[in-house]
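**Q** Dropping the structure in here first, questions after.
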Amino acid sequence: MNQGTMSLDEQLNHCNSQRRRRRRITLSVLAVVVAAALIAVGFVVVSLVNANNNVMRSGALAAVHQVPKLGKDTNILVMGLDSRVDEMGQPLSSELYDALDAGDQSVGGYNANVLMLIHIPADGSKATAISIPRDDYVELSGIPGGSGTYGKIKEAYGDALSAEQTALLAAGKPNDNTTYQQARDAGRAAEIDTVSAFLGNVHVDNFVEVTMAAFYEVAQAVAPITVCTLNATQDTYSGANFTAGLQQIDAKQAMAYVRQRRDTSDPSYAFSDLDRERRQQAFVVDVIHQLKQAGTFTNIPKMETVLNAVSSNIVVNNGLNLITLIQQATSITGGNIAFTTLPISGFGTAPNGESINLVNLPQVQATVQQLLAPAPVASPTAGAGAKAGASSTTAAPGTASAKPSAPATTAAPATATVPTKAPADATTTYSDWTGSLAGGTIPCVK
């Protein structure tokens, strides 16, 4: 009908009808958007709940000689084991052993080769991660024989596990998974006790245990991963073969990246366990940076893949709720975190002939105290925020700290895969393993 021929009442009714139709269309579109959002949020929640429910739990914290919790901050101990078996003690698949390039179930044990205390302030300020060198020679807690038992800090887990398993079997317990898990809990408790005492009786609220298989599958879920190395380097032991600068690596290369502790192509290129600690810190920052840049937390399929990989391959304490942890750890997911490796006073040899890190206990505990409860800064200076050992994006590598000489040169792996070049990105250069490594950019390390 032509509006020119309509009466005034008819024109008003026609306009109202159009407005109602537009409103219905708008409301329909809005309903679809809201429904889609609710489905997406619901899917994330379901994924998180499934991850939280599927993850393996441990009661080991109940056996730890905990010091009182003095504040609302949260301390999480991350333990990375060098075992080549799953959390049930069973061998991995042949495909996974091939990807790990670290031997089969007959190699390795239950040493906690990665020990990292993550401190999350209750007020949402910058988180702190403290790497504990695995070969620090310390007094071990929870080991049969009482006080005065010394060893590498990584050995508390395996020694306690072995002692508990032997005692249980001698007492007539069946050699089954229940006995095995009870022994694993003894190992976890001993490692947590040892770390807590070494750091100065630090309260441990939660722990996360990760195996080599877990690391690989998580790396596989987020690959390709952008990393940055100061120099080209190769290592026939770990399979490392990296060019200098930014590059993208797959999950297998990621394993080599975090496991490398020598350079077999250049005898003058000093590389040690402490440089490997820095590599591990850098890798965590790289992954956080990548997930943040890619918006993975809003990419439902990607998030589900990562969550599934994590939930099936880690062990956490009974009281740890992964959903609550993700809500609390926004400083970490946002890249607002700094990593520090505890100092050592030198290298030495244990009574059994093994190489160890010598430590100054008062110095270590004073460092931890400062990191967990830093003294307020009186007046910021122009150089505030600068990090020891760090330099600008284009700075050349500095002189590395003195380290044991590298092993004899061997031929580079003939079949090594050279990592692909990565797109330009903001980087921060770290000349050695000392000082603080900050989140927010891609660290360029040895």
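Following the order of the structure tokens, first chain is A, next is B, and so on, with residues numbered from 1 inside each chain and ligands from 1 in the order they appear.
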Residues within 7 Å of Thr226 (chain A), please, as a list in words. Count only C-alpha atoms; anything in the same chain fewer than 5 positions from it doesn't count.
**A**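 Residues near the query, excluding close chain neighbours: Leu246, Gln247, Gln248, Ile249, Asp286 and Ala422 of chain A.
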**Q** Write out as a PyMOL selection string all residues of region 104-307 of chain A that backbone DSSP assigns to alpha helix (DSSP H).
**A** chain A and resi 155-170+177-199+212-222+251-259+273-294+300-307
**Q** Let me make sure I understand: among A:Tyr157, A:Tyr150, A:Phe207, A:Phe198, which one has the smallest atom-to-atom distance to Thr74 (chain A) if we use only C-alpha atoms?
**A**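 Among the listed residues, the smallest separation from Thr74 (chain A) belongs to A:Phe207.
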**Q** Excluding Ile356 (chain A) and residues on its chain fewer than 4 positions from it, collect all residues at most 12 Å away from it, counting only C-alpha atoms, and give them as a list in words.
**A** Pro133, Arg134, Asp135, Asp136, Tyr137, Val138, Tyr150, Gly151, Lys152, Ile153, Lys154, Glu155, Asp273, Leu274, Ile344, Ser345, Gly346, Phe347, Gly348, Thr349, Ala350, Pro351, Asn352 and Pro404 of chain A
